[in-house]
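Note: the block below is run26.cif and it holds mmCIF, C-alpha atoms.
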data_entry
#
loop_
_atom_site.label_atom_id
_atom_site.label_comp_id
_atom_site.auth_asym_id
_atom_site.auth_seq_id
_atom_site.Cartn_x
_atom_site.Cartn_y
_atom_site.Cartn_z
CA MET A 1 141.90 135.18 -24.41
CA SER A 2 143.06 138.14 -26.65
CA ASP A 3 144.52 141.26 -25.35
CA SER A 4 141.36 143.14 -26.39
CA ALA A 5 139.28 141.41 -23.64
CA PHE A 6 141.36 142.71 -20.78
CA SER A 7 143.20 145.90 -21.47
CA PHE A 8 145.12 147.31 -18.51
CA THR A 9 147.10 150.52 -18.31
CA THR A 10 150.46 150.22 -16.66
CA VAL A 11 150.68 152.52 -13.71
CA TYR A 12 153.84 153.35 -11.86
CA LEU A 13 153.49 154.60 -8.34
CA ASN A 14 155.57 157.43 -7.05
CA ASN A 15 155.85 158.97 -3.66
CA LYS A 16 152.44 160.64 -4.01
CA GLY A 17 150.37 157.76 -5.30
CA PHE A 18 149.52 157.67 -9.04
CA PRO A 19 151.55 159.92 -11.32
CA ALA A 20 150.01 163.01 -12.61
CA GLY A 21 150.18 161.74 -16.13
CA ARG A 22 147.40 160.22 -18.23
CA ARG A 23 145.37 157.44 -16.55
CA HIS A 24 143.78 154.74 -18.63
CA THR A 25 140.52 153.16 -17.27
CA LEU A 26 139.28 149.61 -17.75
CA ARG A 27 136.69 148.79 -20.31
CA PRO A 28 133.04 148.35 -19.10
CA MET A 29 133.07 144.54 -19.19
CA SER A 30 136.23 144.35 -17.16
CA ARG A 31 134.81 146.83 -14.68
CA ILE A 32 131.67 144.76 -14.23
CA LEU A 33 133.69 141.60 -13.61
CA LEU A 34 135.83 143.31 -11.05
CA TRP A 35 132.78 144.69 -9.24
CA SER A 36 131.14 141.28 -9.25
CA ALA A 37 134.25 139.66 -7.80
CA ALA A 38 134.50 142.32 -5.16
CA VAL A 39 130.83 141.86 -4.21
CA PHE A 40 131.29 138.08 -4.08
CA VAL A 41 134.28 138.38 -1.80
CA MET A 42 132.42 140.74 0.47
CA VAL A 43 129.43 138.38 0.64
CA VAL A 44 131.70 135.44 1.42
CA LEU A 45 133.45 137.38 4.13
CA ALA A 46 130.14 138.52 5.61
CA VAL A 47 128.71 134.98 5.59
CA GLY A 48 131.87 133.64 7.22
CA ALA A 49 131.78 136.25 9.96
CA THR A 50 128.10 135.54 10.59
CA SER A 51 128.71 131.75 10.80
CA ALA A 52 131.62 132.23 13.20
CA GLN A 53 129.53 134.51 15.40
CA PHE A 54 126.64 132.01 15.35
CA ALA A 55 128.99 129.15 16.17
CA ARG A 56 130.39 131.01 19.16
CA SER A 57 126.95 132.01 20.41
CA SER A 58 125.55 128.47 20.10
CA THR A 59 128.61 126.76 21.67
CA SER A 60 128.44 128.68 24.95
CA PRO A 61 124.84 127.72 25.86
CA ALA A 62 125.58 124.09 25.03
CA LEU A 63 128.48 124.13 27.45
CA VAL A 64 126.39 125.80 30.13
CA ALA A 65 123.58 123.32 29.61
CA ALA A 66 125.98 120.40 29.87
CA ARG A 67 127.49 121.81 33.04
CA SER A 68 124.11 122.49 34.56
CA GLN A 69 122.98 119.00 33.67
CA ALA A 70 126.09 117.54 35.21
CA VAL A 71 125.55 119.44 38.45
CA SER A 72 121.88 118.52 38.47
CA ALA A 73 122.74 114.90 37.88
CA GLY A 74 125.09 115.03 40.82
CA GLY A 75 122.51 116.62 43.07
CA ALA A 76 123.42 116.86 46.70
CA PHE A 77 125.99 114.09 46.27
CA ALA A 78 128.62 116.65 45.02
CA GLY A 79 130.56 113.93 43.25
CA THR A 80 130.48 115.15 39.59
CA ASP A 81 132.59 117.59 37.60
CA ALA A 82 131.57 119.53 34.43
CA ASN A 83 134.97 118.78 32.90
CA ASP A 84 134.75 115.08 33.67
CA PRO A 85 134.62 112.97 30.47
CA ALA A 86 131.76 111.05 32.09
CA PRO A 87 129.79 113.71 33.97
CA GLN A 88 127.11 111.22 35.03
CA ARG A 89 129.62 109.06 36.91
CA MET A 90 129.07 108.98 40.68
CA ILE A 91 132.10 108.95 42.94
CA PRO A 92 131.00 107.01 46.03
CA ARG A 93 132.25 108.06 49.41
CA PRO A 94 133.65 105.38 51.68
CA SER A 95 131.07 104.30 54.23
CA PRO A 96 132.25 104.28 57.86
CA GLU A 97 133.07 100.89 59.25
CA PRO A 98 130.50 99.76 61.83
CA SER A 99 131.79 99.73 65.36
CA PRO A 100 132.10 96.24 66.81
CA THR A 101 129.29 95.13 69.06
CA PRO A 102 130.54 94.90 72.65
CA PRO A 103 130.23 91.46 74.18
CA PRO A 104 127.31 91.03 76.59
CA ARG A 105 128.13 91.65 80.19
CA PRO A 106 128.01 88.66 82.47
CA PRO A 107 125.02 88.70 84.78
CA ALA A 108 125.69 90.25 88.11
CA ALA A 109 126.24 87.76 90.84
CA VAL A 110 123.26 87.55 93.10
CA ALA A 111 124.27 87.72 96.70
CA ALA A 112 123.15 84.75 98.67
CA PRO A 113 120.58 85.68 101.25
CA ALA A 114 121.88 85.88 104.75
CA PRO A 115 120.95 82.86 106.80
CA ALA A 116 117.98 83.46 109.02
CA ARG A 117 118.96 84.09 112.58
CA PRO A 118 117.33 81.90 115.15
CA ALA A 119 114.66 83.57 117.16
CA PRO A 120 116.07 84.97 120.35
CA PRO A 121 114.98 83.19 123.49
CA PRO A 122 112.12 84.84 125.30
CA ALA A 123 112.99 87.32 127.97
CA ILE A 124 112.97 85.72 131.39
CA VAL A 125 110.12 86.96 133.52
CA ILE A 126 110.22 86.05 137.19
CA GLY A 127 106.75 85.71 138.70
CA SER A 128 107.40 83.91 141.98
CA THR A 129 110.04 82.82 144.46
CA GLN A 130 109.45 79.19 143.57
CA GLN A 131 110.23 79.97 139.93
CA ALA A 132 113.51 81.63 140.91
CA LEU A 133 114.51 78.52 142.89
CA ILE A 134 113.64 76.28 139.94
CA ASN A 135 115.90 78.36 137.66
CA GLN A 136 118.73 78.04 140.17
CA ASP A 137 118.35 74.28 140.11
CA ARG A 138 118.43 74.27 136.33
CA ALA A 139 121.46 76.52 136.18
CA ALA A 140 123.31 74.18 138.54
CA SER A 141 122.67 71.39 136.02
CA GLY A 142 123.73 73.55 133.03
CA LEU A 143 120.19 74.16 131.80
CA GLY A 144 118.53 77.36 130.67
CA PRO A 145 116.02 79.22 132.82
CA LEU A 146 112.24 79.00 132.49
CA THR A 147 110.20 82.14 131.94
CA TRP A 148 106.87 82.99 133.48
CA ASN A 149 103.62 82.37 131.60
CA GLY A 150 100.17 83.72 132.41
CA CYS A 151 98.25 80.85 130.82
CA LEU A 152 100.08 78.31 132.97
CA LEU A 153 99.42 80.52 135.99
CA THR A 154 95.68 80.14 135.42
CA VAL A 155 96.04 76.36 135.44
CA ALA A 156 98.24 76.46 138.56
CA ASN A 157 95.78 78.63 140.50
CA SER A 158 92.90 76.34 139.56
CA ASN A 159 94.71 73.19 140.73
CA ALA A 160 96.01 74.74 143.99
CA ALA A 161 92.50 75.95 144.84
CA ARG A 162 91.01 72.55 144.10
CA MET A 163 93.51 70.79 146.41
CA ALA A 164 92.99 73.31 149.19
CA ALA A 165 89.25 72.73 148.95
CA GLN A 166 89.69 68.97 149.00
CA GLY A 167 92.28 69.02 151.79
CA ALA A 168 94.56 66.64 149.81
CA ILE A 169 97.04 66.72 146.96
CA SER A 170 96.20 65.04 143.64
CA HIS A 171 96.73 65.19 139.89
CA THR A 172 93.67 65.49 137.72
CA ASN A 173 94.03 66.94 134.21
CA GLY A 174 96.75 69.55 134.88
CA PRO A 175 99.24 68.53 132.11
CA ASN A 176 96.48 68.15 129.53
CA VAL A 177 95.22 71.65 130.28
CA ASP A 178 98.81 72.95 130.14
CA LEU A 179 99.06 71.79 126.52
CA THR A 180 96.07 73.91 125.59
CA CYS A 181 98.22 77.02 126.23
CA GLY A 182 100.01 76.23 122.96
CA LEU A 183 103.52 76.62 124.37
CA GLY A 184 104.89 73.29 123.23
CA ARG A 185 104.21 69.58 122.85
CA GLN A 186 105.27 68.63 126.34
CA ALA A 187 103.86 69.54 129.72
CA GLY A 188 104.34 68.54 133.35
CA GLU A 189 103.03 69.29 136.83
CA ASN A 190 104.37 69.18 140.41
CA VAL A 191 102.00 69.45 143.41
CA GLY A 192 102.70 69.46 147.16
CA TYR A 193 101.72 70.98 150.53
CA TRP A 194 103.33 72.37 153.65
CA SER A 195 101.46 72.17 156.90
CA ALA A 196 102.84 75.46 158.17
CA GLY A 197 101.56 77.42 155.21
CA VAL A 198 103.69 78.98 152.43
CA ASN A 199 107.33 77.87 152.43
CA ASP A 200 109.04 77.90 148.99
CA GLY A 201 112.44 76.70 150.21
CA GLN A 202 111.05 73.58 151.93
CA ILE A 203 108.76 72.64 149.02
CA ASN A 204 111.66 73.10 146.52
CA THR A 205 113.91 70.84 148.59
CA MET A 206 111.19 68.21 148.75
CA PHE A 207 110.73 68.39 144.94
CA MET A 208 114.47 68.06 144.23
CA ASN A 209 114.71 65.02 146.54
CA SER A 210 111.93 63.23 144.62
CA PRO A 211 113.07 61.68 141.31
CA GLY A 212 109.76 62.33 139.51
CA HIS A 213 109.50 65.95 140.68
CA ARG A 214 113.21 66.57 140.00
CA ALA A 215 112.72 65.31 136.42
CA ASN A 216 110.05 67.94 135.83
CA ILE A 217 112.24 70.74 137.27
CA LEU A 218 115.12 69.75 134.97
CA GLY A 219 112.87 68.79 132.05
CA PRO A 220 112.89 70.08 128.42
CA TYR A 221 110.58 73.01 129.12
CA HIS A 222 110.67 76.78 128.48
CA TYR A 223 107.75 78.11 130.56
CA VAL A 224 106.58 77.73 134.13
CA ALA A 225 104.02 79.10 136.60
CA THR A 226 103.52 78.41 140.30
CA ALA A 227 100.65 79.09 142.70
CA TRP A 228 100.06 78.82 146.48
CA VAL A 229 96.58 78.50 148.05
CA VAL A 230 96.28 78.28 151.86
CA ALA A 231 93.40 76.18 153.18
CA SER A 232 91.24 77.08 156.18
CA ASN A 233 93.32 74.83 158.41
CA GLY A 234 96.51 76.69 157.55
CA TYR A 235 97.95 74.16 155.18
CA GLY A 236 99.56 75.57 152.13
CA TYR A 237 98.94 73.80 148.81
CA MET A 238 101.20 74.42 145.81
CA ALA A 239 100.81 73.60 142.08
CA VAL A 240 103.69 74.04 139.55
CA GLU A 241 102.86 73.84 135.81
CA PHE A 242 105.58 73.26 133.13
CA SER A 243 105.45 73.49 129.35
#

How would this structure read if it were set down as structure tokens?
Amino acid sequence: MSDSAFSFTTVYLNNKGFPAGRRHTLRPMSRILLWSAAVFVMVVLAVGATSAQFARSSTSPALVAARSQAVSAGGAFAGTDANDPAPQRMIPRPSPEPSPTPPPRPPAAVAAPAPARPAPPPAIVIGSTQQALINQDRAASGLGPLTWNGCLLTVANSNAARMAAQGAISHTNGPNVDLTCGLGRQAGENVGYWSAGVNDGQINTMFMNSPGHRANILGPYHYVATAWVVASNGYGYMAVEFS
């Protein structure tokens, strides 16, 4: 380009800006070019500032959205971090080890039932003098006493009355009737008389001196009943029932 296209005036600055001397101005074409360049630079700067501002404003919401998404993805688990390179990664918590199952307890020992105690022997009831003498005879032989029984007494009274009416001693069905009292499977009977009326000592001595009568007195019985009935002639008739 020739010097006529761009003509500049040399200007020397002093302490107060331009010198007070003559100032040359640029030609119109040069002035237009300078204005155009200035406008272009200003537009470029304005566009750059606007782009930077837009970039900053659009980056912040993206970061917030990513952080919010990361927290939402974590939910109540609380195992994610917004700065984690993989925000969707779950960090599992260690599960507690199950406690060991205790071994079953051995069954409690069942106590053996106490053996049944044998039924106590019946209380001894003394109903007559003859019965007391019979128990003395048994005790002398190491045997247990016999207790009084009302059912056997009924049988004894019936047999003593029968003999007194007949005027003689005899056995009819005494032992069979004794069994109907339900006191055992064995029964026996002793009968006798004393001409002077009631005499328990003499009749007991006579019974103990007779083998058959003695066997009944010392027999395997538990109950006894005795009865006297005096006949019109004064004889005393006795019946003794065992079971």

*Which value, in Å to one decimal, gives the distance between atom CA of Ser195 of chain A and atom CA of Pro145 of chain A?*
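That distance, rounded to one decimal, is 29.0 Å.
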
*Using the chain letters and residue numbers of this document, give as a list in words the residues selected by the PyMOL selection byres ((chain A and resi 208) around 12).*
Leu133, Ile134, Gln136, Asp137, Arg138, Asn190, Gly201, Gln202, Ile203, Asn204, Thr205, Met206, Phe207, Asn209, Ser210, Pro211, Gly212, His213, Arg214, Ala215, Asn216, Ile217 and Leu218 of chain A

Using C-alpha atoms, can you write the selected residues to a file as a CSV table (one decimal), in the frame of the given file?
chain,number,residue,atom,x,y,z
A,133,LEU,CA,114.5,78.5,142.9
A,134,ILE,CA,113.6,76.3,139.9
A,136,GLN,CA,118.7,78.0,140.2
A,137,ASP,CA,118.4,74.3,140.1
A,138,ARG,CA,118.4,74.3,136.3
A,190,ASN,CA,104.4,69.2,140.4
A,201,GLY,CA,112.4,76.7,150.2
A,202,GLN,CA,111.0,73.6,151.9
A,203,ILE,CA,108.8,72.6,149.0
A,204,ASN,CA,111.7,73.1,146.5
A,205,THR,CA,113.9,70.8,148.6
A,206,MET,CA,111.2,68.2,148.8
A,207,PHE,CA,110.7,68.4,144.9
A,209,ASN,CA,114.7,65.0,146.5
A,210,SER,CA,111.9,63.2,144.6
A,211,PRO,CA,113.1,61.7,141.3
A,212,GLY,CA,109.8,62.3,139.5
A,213,HIS,CA,109.5,66.0,140.7
A,214,ARG,CA,113.2,66.6,140.0
A,215,ALA,CA,112.7,65.3,136.4
A,216,ASN,CA,110.0,67.9,135.8
A,217,ILE,CA,112.2,70.7,137.3
A,218,LEU,CA,115.1,69.8,135.0

*Can you list what the PyMOL selection byres ((chain A and resi 146) around 12) grabs from this structure, as number ranges by chain?*
A: 121-128, 130-139, 143-145, 147-149, 216-226, 241-243

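Picture a line from atom CA of Met163 of chain A to atom CA of Gly188 of chain A; it runs 17.1 Å.
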
*What is the atom CA of His171 of chain A-atom CA of Ala196 of chain A distance in Å, reported with one decimal?*
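The value is 21.8 Å.
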
*Could you state which residues are captured by the PyMOL selection byres ((chain A and resi 155) around 10) in this file, as an MDAnalysis selection string?*
chainID A and resid 150:154 156:160 173:175 177:178 181 225:227 239:241
